[in-house]
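**Student:** Supplied structure: my_file27.cif, mmCIF, C-alpha atoms.
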data_start
#
loop_
_atom_site.label_atom_id
_atom_site.label_comp_id
_atom_site.auth_asym_id
_atom_site.auth_seq_id
_atom_site.Cartn_x
_atom_site.Cartn_y
_atom_site.Cartn_z
CA MET I 5 11.28 164.87 119.76
CA HIS I 6 12.93 161.60 118.84
CA ASN I 7 14.59 163.30 115.85
CA SER I 8 16.76 165.34 118.16
CA SER I 9 17.74 162.30 120.23
CA LEU I 10 18.68 160.42 117.05
CA LYS I 11 20.80 163.40 116.04
CA ALA I 12 22.57 163.35 119.41
CA LEU I 13 23.16 159.62 119.09
CA SER I 14 24.61 159.96 115.62
CA ILE I 15 27.01 162.66 116.85
CA VAL I 16 28.17 160.38 119.70
CA GLY I 17 28.59 157.52 117.21
CA ALA I 18 30.55 159.69 114.79
CA LEU I 19 32.85 160.82 117.62
CA LEU I 20 33.48 157.21 118.67
CA ILE I 21 34.28 156.16 115.10
CA ALA I 22 36.49 159.22 114.60
CA SER I 23 38.46 158.34 117.75
CA LEU I 24 39.34 154.96 116.18
CA PHE I 25 41.18 156.81 113.42
CA SER I 26 42.94 159.32 115.64
CA PRO I 27 46.69 159.86 115.05
CA ALA I 28 47.51 158.10 118.33
CA VAL I 29 45.85 154.90 117.14
CA LEU I 30 47.30 155.14 113.64
CA SER I 31 50.89 155.66 114.77
CA LYS I 32 52.32 152.32 113.57
CA GLY I 33 54.66 152.29 110.60
CA VAL I 34 58.07 152.36 108.98
CA TYR I 35 59.03 155.97 108.30
CA GLN I 36 62.45 155.54 106.78
CA SER I 37 64.63 152.55 105.96
CA GLY I 38 68.03 152.16 107.57
CA PRO I 39 69.97 152.50 104.29
CA GLU I 40 68.05 155.71 103.46
CA PHE I 41 68.80 157.12 106.90
CA ILE I 42 72.52 156.36 106.50
CA ALA I 43 72.61 157.77 102.96
CA GLN I 44 70.87 160.96 104.11
CA THR I 45 73.15 161.35 107.12
CA PHE I 46 76.41 161.12 105.20
CA ALA I 47 75.33 162.44 101.78
CA PRO I 48 77.00 162.79 99.36
CA GLN I 49 79.48 160.28 100.78
CA GLN I 50 78.59 156.70 101.70
CA PRO I 51 80.78 155.13 104.40
CA GLN I 52 80.98 151.37 104.79
CA ALA I 53 79.33 149.74 107.79
CA LYS I 54 81.59 148.83 110.68
CA ALA I 55 81.01 146.73 113.75
CA LEU I 56 81.63 147.48 117.39
CA TRP I 57 82.35 144.23 119.20
CA LEU I 58 80.81 144.12 122.62
CA THR I 59 83.58 143.38 125.10
CA PRO I 60 82.44 142.47 128.64
CA GLU I 61 83.13 146.07 129.77
CA ILE I 62 81.18 147.63 126.91
CA ARG I 63 78.34 145.17 127.42
CA GLN I 64 78.19 145.90 131.15
CA ARG I 65 77.86 149.66 130.64
CA ALA I 66 75.41 149.17 127.75
CA GLU I 67 73.27 146.97 129.98
CA SER I 68 73.29 149.56 132.73
CA ILE I 69 72.19 152.23 130.24
CA LEU I 70 69.38 150.06 128.86
CA ASP I 71 68.59 148.45 132.20
CA ARG I 72 68.30 145.05 130.54
CA GLN I 73 70.50 142.42 128.91
CA VAL I 74 72.07 143.32 125.59
CA PRO I 75 71.87 140.47 123.06
CA GLY I 76 74.40 139.93 120.28
CA LEU I 77 78.16 140.05 120.02
CA ARG I 78 78.48 143.15 117.88
CA VAL I 79 76.68 146.36 116.94
CA ARG I 80 76.71 147.83 113.47
CA TYR I 81 77.41 151.49 112.78
CA HIS I 82 78.61 153.87 110.10
CA ILE I 83 81.27 156.47 110.70
CA LEU I 84 82.85 159.27 108.73
CA ASP I 85 85.40 161.52 110.39
CA ASN I 86 83.91 162.38 113.78
CA LYS I 87 80.30 161.61 112.88
CA SER I 88 78.75 158.21 113.53
CA ALA I 89 75.27 156.86 112.82
CA TRP I 90 73.59 154.09 114.78
CA ILE I 91 70.40 152.17 114.12
CA LEU I 92 69.28 150.64 117.39
CA GLU I 93 66.12 149.04 118.66
CA GLU I 94 64.46 149.29 122.03
CA ILE I 95 61.11 148.03 123.21
CA GLY I 96 58.63 150.75 124.15
CA LYS I 97 55.82 148.83 125.77
CA GLU I 98 55.69 145.57 123.84
CA MET I 99 57.19 146.11 120.40
CA PRO I 100 60.66 147.31 119.35
CA ILE I 101 61.08 150.89 118.16
CA THR I 102 63.80 151.28 115.52
CA ILE I 103 65.69 154.50 116.17
CA GLY I 104 68.41 156.16 114.12
CA VAL I 105 70.87 158.29 116.11
CA VAL I 106 73.63 160.48 114.68
CA VAL I 107 76.46 161.49 117.01
CA THR I 108 79.05 164.11 116.17
CA ASP I 109 81.90 164.92 118.57
CA HIS I 110 80.19 163.10 121.46
CA LYS I 111 76.99 165.11 121.02
CA ILE I 112 73.74 164.03 119.40
CA THR I 113 73.03 165.79 116.12
CA GLU I 114 69.96 163.83 115.13
CA VAL I 115 67.45 161.35 116.51
CA LYS I 116 64.97 159.84 114.09
CA ILE I 117 62.31 157.20 114.63
CA LEU I 118 62.69 154.85 111.66
CA ALA I 119 60.00 152.35 112.61
CA TYR I 120 57.34 152.47 115.30
CA ARG I 121 55.34 149.31 115.90
CA GLU I 122 53.28 150.06 119.02
CA SER I 123 49.68 151.14 118.60
CA ARG I 124 50.05 154.14 120.92
CA GLY I 125 52.79 156.58 121.79
CA GLY I 126 53.98 157.27 118.25
CA GLU I 127 54.19 161.00 119.00
CA VAL I 128 57.88 160.40 119.79
CA ARG I 129 58.49 160.40 116.04
CA TYR I 130 57.54 164.05 115.62
CA PRO I 131 60.50 166.35 114.85
CA ALA I 132 59.32 168.74 117.58
CA TYR I 133 60.02 165.96 120.08
CA THR I 134 63.23 164.50 118.60
CA ALA I 135 64.75 167.99 118.19
CA GLN I 136 65.12 168.08 122.00
CA TYR I 137 67.99 165.59 121.78
CA ARG I 138 70.17 167.85 119.62
CA GLY I 139 73.36 168.75 121.45
CA ALA I 140 72.81 166.23 124.26
CA SER I 141 75.76 164.27 125.60
CA LEU I 142 76.04 161.41 128.07
CA GLN I 143 76.86 161.94 131.73
CA SER I 144 78.68 159.42 133.89
CA ASN I 145 75.39 158.45 135.57
CA ASN I 146 74.14 157.17 132.16
CA ARG I 147 71.73 160.08 131.76
CA LEU I 148 71.64 162.75 129.12
CA ASP I 149 72.90 166.17 130.16
CA GLN I 150 69.77 167.82 128.77
CA SER I 151 66.29 167.43 130.17
CA ILE I 152 63.86 165.94 127.68
CA ASP I 153 60.21 166.90 128.01
CA GLY I 154 58.01 163.80 128.10
CA ILE I 155 54.81 163.16 126.20
CA THR I 156 51.62 162.26 128.02
CA GLY I 157 50.57 158.76 127.07
CA ALA I 158 53.93 157.92 125.51
CA THR I 159 56.07 157.58 128.66
CA LEU I 160 57.51 154.17 127.79
CA SER I 161 58.37 155.24 124.24
CA VAL I 162 60.06 158.39 125.61
CA TRP I 163 62.11 156.25 128.02
CA ALA I 164 63.06 153.95 125.13
CA VAL I 165 64.28 156.87 123.00
CA ASN I 166 66.22 158.33 125.97
CA LYS I 167 67.95 154.99 126.56
CA VAL I 168 68.84 154.53 122.89
CA ALA I 169 70.17 158.10 122.67
CA GLY I 170 72.38 157.43 125.70
CA LEU I 171 73.51 154.09 124.29
CA ALA I 172 74.47 155.59 120.92
CA LEU I 173 76.53 158.26 122.72
CA TYR I 174 78.29 155.59 124.74
CA TYR I 175 78.95 153.38 121.71
CA HIS I 176 80.30 156.43 119.84
CA SER I 177 82.70 157.16 122.70
CA GLN I 178 83.92 153.56 122.56
CA VAL I 179 84.47 153.73 118.81
CA VAL I 180 86.45 156.96 119.18
CA GLU I 181 88.44 155.46 122.09
CA GLN I 182 89.28 152.36 120.06
CA ALA I 183 90.30 154.50 117.07
CA VAL I 184 92.60 156.57 119.28
CA ALA I 185 94.10 153.42 120.81
CA THR I 186 94.69 151.93 117.35
CA ASN I 187 96.42 155.08 116.12
CA MET T 18 0.31 162.64 122.28
CA LYS T 19 3.81 163.71 121.28
CA ILE T 20 5.29 162.24 124.48
CA THR T 21 3.43 158.96 123.99
CA LYS T 22 4.81 158.64 120.46
CA SER T 23 8.31 159.29 121.70
CA ILE T 24 7.89 156.71 124.48
CA VAL T 25 6.67 154.06 122.06
CA PHE T 26 9.50 154.73 119.62
CA ASN T 27 12.13 154.75 122.35
CA LEU T 28 10.86 151.63 124.10
CA ARG T 29 10.53 149.77 120.81
CA TRP T 30 14.22 150.36 120.05
CA HIS T 31 15.24 149.76 123.65
CA ARG T 32 13.55 146.34 123.49
CA ARG T 33 15.02 145.50 120.09
CA ILE T 34 18.56 146.46 121.08
CA GLY T 35 18.22 144.75 124.47
CA LEU T 36 17.03 141.54 122.84
CA SER T 37 19.76 141.55 120.21
CA LEU T 38 22.40 142.05 122.90
CA PHE T 39 21.01 139.43 125.26
CA PHE T 40 23.66 136.75 124.74
CA MET T 41 26.54 139.18 124.24
CA VAL T 42 25.82 141.10 127.47
CA ILE T 43 25.74 137.87 129.46
CA PHE T 44 28.89 136.57 127.75
CA LEU T 45 30.79 139.85 128.16
CA SER T 46 29.76 140.08 131.82
CA ILE T 47 30.89 136.55 132.63
CA SER T 48 34.14 136.81 130.64
CA GLY T 49 34.80 140.27 132.13
CA PHE T 50 34.26 138.86 135.62
CA ALA T 51 36.64 135.98 134.85
CA LEU T 52 39.32 138.37 133.52
CA ASN T 53 38.90 140.68 136.48
CA HIS T 54 39.60 137.79 138.85
CA SER T 55 42.12 136.06 136.59
CA PRO T 56 44.97 136.02 139.14
CA ASP T 57 42.72 134.43 141.77
CA LEU T 58 41.26 131.96 139.32
CA LYS T 59 44.79 131.25 137.96
CA LEU T 60 43.52 131.39 134.41
CA SER T 61 46.97 132.14 133.02
CA LYS T 62 48.25 128.82 134.40
CA VAL T 63 45.69 126.76 132.50
CA LYS T 64 47.28 125.79 129.19
CA LEU T 65 45.07 124.72 126.30
CA THR T 66 46.80 122.53 123.73
CA SER T 67 43.95 121.40 121.51
CA SER T 68 45.27 121.07 117.95
CA TRP T 69 42.46 123.10 116.36
CA LEU T 70 43.04 125.92 118.83
CA LEU T 71 46.79 125.94 118.15
CA SER T 72 46.17 125.99 114.41
CA TRP T 73 43.59 128.81 114.86
CA TYR T 74 46.31 130.84 116.59
CA GLY T 75 48.80 129.96 113.86
CA LEU T 76 50.95 127.90 116.21
CA PRO T 77 52.67 124.81 114.87
CA PRO T 78 51.26 121.36 115.41
CA THR T 79 53.13 119.01 117.69
CA LYS T 80 55.33 117.87 114.80
CA GLN T 81 57.79 120.76 114.88
CA GLN T 82 59.81 121.41 111.73
CA GLY T 83 63.33 122.72 112.07
CA TYR T 84 66.79 122.81 110.50
CA ASN T 85 69.52 120.42 111.59
CA ILE T 86 72.91 122.09 111.25
CA ALA T 87 75.93 120.11 112.48
CA ASP T 88 73.76 118.23 114.98
CA ASN T 89 72.20 121.41 116.31
CA TRP T 90 68.55 122.21 115.78
CA LEU T 91 67.34 125.62 114.71
CA TYR T 92 63.59 126.28 114.79
CA ASN T 93 61.07 128.88 115.84
CA ARG T 94 57.99 126.89 116.86
CA GLY T 95 55.68 129.30 115.10
CA THR T 96 56.35 131.98 117.71
CA ASP T 97 58.61 134.99 117.24
CA GLN T 98 61.52 133.38 119.07
CA LEU T 99 64.39 131.49 117.48
CA PHE T 100 65.50 128.36 119.31
CA PHE T 101 68.97 126.85 119.10
CA ASN T 102 68.41 123.34 120.44
CA ASP T 103 66.37 123.99 123.59
CA LYS T 104 67.43 127.61 124.16
CA THR T 105 65.89 130.84 122.91
CA VAL T 106 68.57 132.86 121.13
CA SER T 107 66.87 135.71 119.35
CA HIS T 108 63.75 137.44 118.12
CA CYS T 109 62.77 135.78 114.83
CA PRO T 110 59.35 136.61 113.37
CA SER T 111 57.42 133.58 112.23
CA PRO T 112 57.54 131.77 109.84
CA MET T 113 61.14 130.67 109.75
CA LEU T 114 62.02 130.34 106.07
CA ALA T 115 65.47 128.79 105.86
CA ALA T 116 68.81 128.18 107.55
CA ALA T 117 72.35 127.81 106.32
CA ALA T 118 75.84 127.56 107.76
CA THR T 119 79.49 128.04 106.99
CA LYS T 120 82.35 126.92 109.22
CA GLN T 121 82.21 130.17 111.19
CA LEU T 122 78.57 131.12 111.04
CA VAL T 123 75.01 129.84 111.31
CA VAL T 124 72.31 131.93 109.64
CA ALA T 125 68.54 131.72 110.08
CA LEU T 126 66.13 133.54 107.79
CA CYS T 127 62.83 134.40 109.40
CA SER T 128 60.03 136.55 108.11
CA GLY T 129 61.75 139.90 107.51
CA THR T 130 64.77 139.15 109.71
CA LEU T 131 68.10 137.44 109.20
CA VAL T 132 69.74 136.15 112.38
CA MET T 133 73.46 135.37 112.55
CA LEU T 134 74.80 133.01 115.18
CA THR T 135 78.14 131.47 116.06
CA PRO T 136 78.33 127.69 115.45
CA ASP T 137 77.64 127.15 119.17
CA GLY T 138 74.47 129.22 119.05
CA GLN T 139 75.55 132.64 120.36
CA LEU T 140 73.77 135.54 118.74
CA ILE T 141 76.14 137.71 116.71
CA GLU T 142 73.53 140.12 115.40
CA SER T 143 70.30 140.27 113.48
CA PHE T 144 69.45 142.22 110.38
CA ASN T 145 65.91 143.21 109.47
CA GLN T 146 64.04 144.90 106.63
CA VAL T 147 64.32 148.35 108.20
CA GLN T 148 68.08 147.84 108.25
CA GLY T 149 68.16 146.85 104.57
CA LEU T 150 67.23 143.17 104.25
CA PRO T 151 65.38 142.80 100.90
CA LEU T 152 61.62 142.53 101.32
CA ASP T 153 61.34 139.45 99.10
CA SER T 154 64.06 137.37 100.81
CA GLN T 155 63.02 133.76 100.46
CA LYS T 156 65.93 131.53 101.26
CA VAL T 157 69.52 131.36 102.47
CA GLY T 158 72.15 128.96 101.26
CA SER T 159 75.88 128.52 101.67
CA ASP T 160 79.07 127.05 100.34
CA ASP T 161 82.08 126.46 102.57
CA GLU T 162 82.91 130.14 102.94
CA ASN T 163 79.95 132.28 101.96
CA ILE T 164 76.33 132.86 102.77
CA TYR T 165 73.93 133.57 99.90
CA LEU T 166 70.58 135.25 100.14
CA ILE T 167 68.01 134.25 97.56
CA THR T 168 65.17 136.62 96.75
CA SER T 169 62.33 136.13 94.27
CA THR T 170 64.52 137.49 91.48
CA ASP T 171 68.18 137.40 92.54
CA THR T 172 70.86 135.44 94.29
CA MET T 173 73.05 137.69 96.41
CA LEU T 174 76.29 137.19 98.25
CA LEU T 175 76.01 138.38 101.85
CA ASN T 176 79.05 140.07 103.30
CA THR T 177 78.54 138.94 106.88
CA PHE T 178 80.85 141.59 108.25
CA ASN T 179 79.37 144.77 106.81
CA LEU T 180 76.01 143.20 105.86
CA SER T 181 76.23 144.41 102.29
CA LEU T 182 74.64 142.34 99.56
CA SER T 183 76.09 141.93 96.09
CA LYS T 184 74.18 140.39 93.25
CA ILE T 185 75.61 137.21 91.71
CA GLU T 186 75.46 137.52 87.95
CA ASN T 187 75.52 133.83 87.15
CA PRO T 188 74.26 131.88 90.18
CA SER T 189 73.87 128.61 88.24
CA LYS T 190 77.66 128.26 88.26
CA LEU T 191 77.72 128.16 92.06
CA VAL T 192 77.07 125.15 94.26
CA ILE T 193 74.82 126.57 96.96
CA ASN T 194 73.85 124.15 99.70
CA SER T 195 70.60 124.58 101.52
CA VAL T 196 69.36 122.76 104.58
CA ALA T 197 65.99 121.07 104.27
CA ALA T 198 63.43 121.44 107.05
CA THR T 199 62.83 118.22 108.94
CA ARG T 200 61.06 117.18 112.10
CA VAL T 201 62.66 118.31 115.34
CA PRO T 202 63.11 115.38 117.76
CA PRO T 203 60.26 115.70 120.29
CA GLY T 204 62.60 115.16 123.26
CA LEU T 205 64.48 118.36 122.39
CA ILE T 206 61.59 120.67 123.06
CA ASN T 207 61.35 121.71 126.70
CA GLU T 208 58.06 121.39 128.51
CA GLU T 209 58.36 125.12 129.20
CA ASN T 210 58.67 125.77 125.48
CA GLN T 211 55.70 123.56 124.66
CA GLU T 212 53.19 125.67 122.85
CA GLY T 213 49.78 126.26 124.32
CA ILE T 214 47.26 129.00 124.74
CA SER T 215 46.48 130.09 128.27
CA LEU T 216 42.83 130.15 129.25
CA GLU T 217 43.30 133.83 130.16
CA THR T 218 44.48 134.62 126.61
CA LEU T 219 41.57 132.72 125.11
CA ILE T 220 38.99 134.49 127.31
CA LEU T 221 40.63 137.87 126.70
CA ASP T 222 40.61 137.30 122.93
CA LEU T 223 36.98 136.18 123.02
CA HIS T 224 36.03 139.13 125.25
CA SER T 225 37.70 141.65 122.93
CA GLY T 226 36.65 139.86 119.73
CA ARG T 227 40.30 139.41 118.66
CA PHE T 228 39.74 135.65 118.52
CA PHE T 229 37.81 136.23 115.28
CA GLY T 230 40.29 138.72 113.85
CA ASN T 231 39.45 142.26 112.84
CA ALA T 232 35.83 141.36 112.16
CA GLY T 233 35.46 140.17 115.76
CA VAL T 234 36.98 143.39 117.13
CA ILE T 235 34.61 145.50 115.02
CA PHE T 236 31.68 143.31 116.16
CA VAL T 237 32.57 143.88 119.83
CA ASP T 238 32.96 147.60 119.11
CA ILE T 239 29.44 147.62 117.66
CA VAL T 240 28.15 145.69 120.68
CA GLY T 241 29.77 148.32 122.93
CA LEU T 242 28.16 151.08 120.92
CA LEU T 243 24.77 149.39 121.13
CA MET T 244 25.21 149.03 124.89
CA CYS T 245 25.73 152.79 125.09
CA ILE T 246 22.59 153.30 123.02
CA LEU T 247 20.76 150.88 125.31
CA ALA T 248 21.80 152.95 128.32
CA LEU T 249 20.70 156.14 126.57
CA THR T 250 17.33 154.73 125.50
CA GLY T 251 16.89 153.44 129.08
CA LEU T 252 17.61 156.90 130.43
CA TRP T 253 15.29 158.44 127.86
CA ALA T 254 12.52 155.99 128.85
CA TRP T 255 12.92 157.07 132.46
CA VAL T 256 12.82 160.79 131.51
CA ASN T 257 9.68 160.23 129.41
CA HIS T 258 8.10 158.28 132.24
CA GLN T 259 8.69 161.20 134.64
CA ARG T 260 7.26 163.68 132.13
CA LEU T 261 4.20 161.48 131.61
CA ARG T 262 3.60 161.24 135.34
CA LYS T 263 3.89 165.02 135.66
CA GLN T 264 1.44 165.49 132.82
CA LYS T 265 -1.06 163.08 134.42
CA ARG T 266 -0.82 164.94 137.73
CA LEU T 267 -1.70 168.17 135.95
#
Output the structure of this file as structure tokens.

**Tutor:**
Amino acid sequence: MHNSSLKALSIVGALLIASLFSPAVLSKGVYQSGPEFIAQTFAPQQPQAKALWLTPEIRQRAESILDRQVPGLRVRYHILDNKSAWILEEIGKEMPITIGVVVTDHKITEVKILAYRESRGGEVRYPAYTAQYRGASLQSNNRLDQSIDGITGATLSVWAVNKVAGLALYYHSQVVEQAVATN
Amino acid sequence: MKITKSIVFNLRWHRRIGLSLFFMVIFLSISGFALNHSPDLKLSKVKLTSSWLLSWYGLPPTKQQGYNIADNWLYNRGTDQLFFNDKTVSHCPSPMLAAAATKQLVVALCSGTLVMLTPDGQLIESFNQVQGLPLDSQKVGSDDENIYLITSTDTMLLNTFNLSLSKIENPSKLVINSVAATRVPPGLINEENQEGISLETLILDLHSGRFFGNAGVIFVDIVGLLMCILALTGLWAWVNHQRLRKQKRL
């Protein structure tokens, strides 16, 4: 009799141990470095990094998109013709998520999670999720014009990616505006 | 006979597990109760500053080391925040490794992050390993115009505008100044910035086992597992007891 109960206990134990190694728990990591992301985005060319200086107006809009203060005086980006790439960070729950965003002609062409440091919610890095941002542009109310399906258990990470996608679109528009003004 | 054997086996293990968990169950219950009522008990307001506790948590002792650049102090107090005098300016993972300055720029090298500030302490931007900072960055130095990044093998010139790094072929020919770490004047550090561990954090870390690192977490996991087994053996004892009573009635 007790053999069967021991069997049941060992199954429960195995399930508990297996849950510790589930993908959700093991979602931390650096998936691609910034330089690799830039090289891949613009291959075979390699544009130099440029900086967008945050004027009070740009900072104000950026803060309303992120719904928090924006630190720093400038933001780095790479641009070639009408395509720009941004590596931005936003906190999901407690730790910053490093996100690469490529914008072409005011529309997102790629979103990639470069580093995810939270213990849960790393599903946002899956291509099936990030593909939803393709073609999205920014509306005047700071929201994307496409609806993005959330992920259960990763709400804060989803919000963080949405904000960063919106911010990259806004920064891109400012870069284009400045280029037009200069010309 | 079979039921009796099962009862003896089950109760033997129930007793053994119960006895081995005696102290842990009491401790986890009390600490769980304290955490559950933490806001009422104001545990987060109680700051513990014992030196052994601070050193256990990897926080700096009261003698804070920092970098004095043009009469401004740059330090990170063992936390992940960079201070410019008494203000927090940026995220800066501990430990802080070095600082340097030119006329236009102040640079702090933390673990895996380089932070650039204006001479009056405004954050310009930060640059981390994901963004291309070499993994083995050890030091920063400067001459009047340039910032140099020193890794375990190379000395590199940092282009502070586009953040590109170019290797210096003959660094011995350069005069690279570095700032030595010295003690931050105690009066500079705000009471609010004074390091301490809240009683809530301590109890939470003890409750979860994190206080003893990964081994502690695994230990508490095992305790949790044993508590489940204890509940199951308790339930099994009750089932066996019912079956025995039924058998006796027959």

**Student:** Name every residue that the PyMOL selection byres ((chain I) within 7 of (chain T)) selects in this structure, writing the answer as a ChimeraX atom specification with chains first and numbers rising.

**Tutor:** /I:5-6,37-39,53-54,75-78

**Student:** Can you list, as a VMD selection string, the residues that the PyMOL selection byres ((chain T and resi 32-44) around 10) selects here?

**Tutor:** chain T and resid 27 to 31 45 to 50 223 to 224 237 240 to 241 243 to 244 246 to 248 250 to 251

**Student:** Could those selected residues go to a file with C-alpha atoms, as a CSV table (one decimal), in the frame of the given file?

**Tutor:**
chain,number,residue,atom,x,y,z
T,27,ASN,CA,12.1,154.8,122.4
T,28,LEU,CA,10.9,151.6,124.1
T,29,ARG,CA,10.5,149.8,120.8
T,30,TRP,CA,14.2,150.4,120.0
T,31,HIS,CA,15.2,149.8,123.6
T,45,LEU,CA,30.8,139.8,128.2
T,46,SER,CA,29.8,140.1,131.8
T,47,ILE,CA,30.9,136.6,132.6
T,48,SER,CA,34.1,136.8,130.6
T,49,GLY,CA,34.8,140.3,132.1
T,50,PHE,CA,34.3,138.9,135.6
T,223,LEU,CA,37.0,136.2,123.0
T,224,HIS,CA,36.0,139.1,125.2
T,237,VAL,CA,32.6,143.9,119.8
T,240,VAL,CA,28.2,145.7,120.7
T,241,GLY,CA,29.8,148.3,122.9
T,243,LEU,CA,24.8,149.4,121.1
T,244,MET,CA,25.2,149.0,124.9
T,246,ILE,CA,22.6,153.3,123.0
T,247,LEU,CA,20.8,150.9,125.3
T,248,ALA,CA,21.8,153.0,128.3
T,250,THR,CA,17.3,154.7,125.5
T,251,GLY,CA,16.9,153.4,129.1

**Student:** Can you turn the PyMOL selection byres ((chain T and resi 74) around 12) into a concrete residue list for this file, as a PDB file with C-alpha atoms, in the coordinates of the input?

**Tutor:**
ATOM      1  CA  LEU T  65      45.070 124.720 126.300  1.00  0.00           C
ATOM      2  CA  THR T  66      46.800 122.530 123.730  1.00  0.00           C
ATOM      3  CA  SER T  67      43.950 121.400 121.510  1.00  0.00           C
ATOM      4  CA  SER T  68      45.270 121.070 117.950  1.00  0.00           C
ATOM      5  CA  TRP T  69      42.460 123.100 116.360  1.00  0.00           C
ATOM      6  CA  LEU T  70      43.040 125.920 118.830  1.00  0.00           C
ATOM      7  CA  LEU T  71      46.790 125.940 118.150  1.00  0.00           C
ATOM      8  CA  SER T  72      46.170 125.990 114.410  1.00  0.00           C
ATOM      9  CA  TRP T  73      43.590 128.810 114.860  1.00  0.00           C
ATOM     10  CA  GLY T  75      48.800 129.960 113.860  1.00  0.00           C
ATOM     11  CA  LEU T  76      50.950 127.900 116.210  1.00  0.00           C
ATOM     12  CA  PRO T  77      52.670 124.810 114.870  1.00  0.00           C
ATOM     13  CA  PRO T  78      51.260 121.360 115.410  1.00  0.00           C
ATOM     14  CA  GLY T  95      55.680 129.300 115.100  1.00  0.00           C
ATOM     15  CA  THR T  96      56.350 131.980 117.710  1.00  0.00           C
ATOM     16  CA  GLU T 212      53.190 125.670 122.850  1.00  0.00           C
ATOM     17  CA  GLY T 213      49.780 126.260 124.320  1.00  0.00           C
ATOM     18  CA  ILE T 214      47.260 129.000 124.740  1.00  0.00           C
ATOM     19  CA  SER T 215      46.480 130.090 128.270  1.00  0.00           C
ATOM     20  CA  THR T 218      44.480 134.620 126.610  1.00  0.00           C
ATOM     21  CA  LEU T 219      41.570 132.720 125.110  1.00  0.00           C
ATOM     22  CA  ASP T 222      40.610 137.300 122.930  1.00  0.00           C
ATOM     23  CA  ARG T 227      40.300 139.410 118.660  1.00  0.00           C
ATOM     24  CA  PHE T 228      39.740 135.650 118.520  1.00  0.00           C
ATOM     25  CA  PHE T 229      37.810 136.230 115.280  1.00  0.00           C
ATOM     26  CA  GLY T 230      40.290 138.720 113.850  1.00  0.00           C
TER      27      GLY T 230
END

**Student:** Which residues, written as a PyMOL selection string, have at least one atom at most 6 Å from region 160-176 of chain I, with only C-alpha atoms counted and residues fewer than 6 positions away on the same chain left out?

**Tutor:** chain I and resi 70+94+96-97+142

**Student:** So how far away is CA of Val34 (chain I) from CA of Tyr133 (chain I), in Å?

**Tutor:** 17.7 Å

**Student:** Pick out the residues sitting within 7 Å of region 192-195 of chain T, and hand them over as a PyMOL selection string; count all atoms listed in the file, and ignore anything fewer than 4 positions along from it in its own chain.

**Tutor:** chain T and resi 117+157-160

**Student:** Need the shell around region 83-92 of chain T: protein/DNA/RNA residues with any atom at most 10 Å away, counting only C-alpha atoms. Skip same-chain ones fewer than 2 positions apart. Format as an MDAnalysis selection string?

**Tutor:** chainID T and resid 80:81 94:96 98:106 109 111:120 123:125 127 136:138 195:202 205

**Student:** Go ahead and save the residues from that selection, with C-alpha atoms, as a short mmCIF file (atom, residue, chain, number, x, y, z; two decimals), in the coordinates of the input.

**Tutor:**
data_model
loop_
_atom_site.label_atom_id
_atom_site.label_comp_id
_atom_site.auth_asym_id
_atom_site.auth_seq_id
_atom_site.Cartn_x
_atom_site.Cartn_y
_atom_site.Cartn_z
CA LYS T 80 55.33 117.87 114.80
CA GLN T 81 57.79 120.76 114.88
CA ARG T 94 57.99 126.89 116.86
CA GLY T 95 55.68 129.30 115.10
CA THR T 96 56.35 131.98 117.71
CA GLN T 98 61.52 133.38 119.07
CA LEU T 99 64.39 131.49 117.48
CA PHE T 100 65.50 128.36 119.31
CA PHE T 101 68.97 126.85 119.10
CA ASN T 102 68.41 123.34 120.44
CA ASP T 103 66.37 123.99 123.59
CA LYS T 104 67.43 127.61 124.16
CA THR T 105 65.89 130.84 122.91
CA VAL T 106 68.57 132.86 121.13
CA CYS T 109 62.77 135.78 114.83
CA SER T 111 57.42 133.58 112.23
CA PRO T 112 57.54 131.77 109.84
CA MET T 113 61.14 130.67 109.75
CA LEU T 114 62.02 130.34 106.07
CA ALA T 115 65.47 128.79 105.86
CA ALA T 116 68.81 128.18 107.55
CA ALA T 117 72.35 127.81 106.32
CA ALA T 118 75.84 127.56 107.76
CA THR T 119 79.49 128.04 106.99
CA LYS T 120 82.35 126.92 109.22
CA VAL T 123 75.01 129.84 111.31
CA VAL T 124 72.31 131.93 109.64
CA ALA T 125 68.54 131.72 110.08
CA CYS T 127 62.83 134.40 109.40
CA PRO T 136 78.33 127.69 115.45
CA ASP T 137 77.64 127.15 119.17
CA GLY T 138 74.47 129.22 119.05
CA SER T 195 70.60 124.58 101.52
CA VAL T 196 69.36 122.76 104.58
CA ALA T 197 65.99 121.07 104.27
CA ALA T 198 63.43 121.44 107.05
CA THR T 199 62.83 118.22 108.94
CA ARG T 200 61.06 117.18 112.10
CA VAL T 201 62.66 118.31 115.34
CA PRO T 202 63.11 115.38 117.76
CA LEU T 205 64.48 118.36 122.39
#

**Student:** Figure out the distance between CA of Ile83 (chain I) and CA of Thr177 (chain T), please, to one decimal in Å.

**Tutor:**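 Separating CA of Thr177 (chain T) from CA of Ile83 (chain I) is a distance of 18.1 Å.
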
**Student:** Could you tell me how far CA of Gly139 (chain I) sits from CA of Phe41 (chain I), in Å to one decimal place?

**Tutor:** 19.2 Å

**Student:** Select all residues near (72.9, 134.3, 87.3) (cut-off 12 Å, inclusive, file coordinates), counting all atoms listed in the file, and output them as a ChimeraX atom specification.

**Tutor:** /T:167,170-174,184-191

**Student:** Please determine an axis-aligned box that encloses all atoms of region 132-148 of chain I listed in the file, with 3 Å added on each side, and express its centre and edge lengths in Å to one decimal as JSON.

**Tutor:**
{"center_x": 69.0, "center_y": 163.0, "center_z": 126.6, "size_x": 25.4, "size_y": 17.6, "size_z": 24.0}
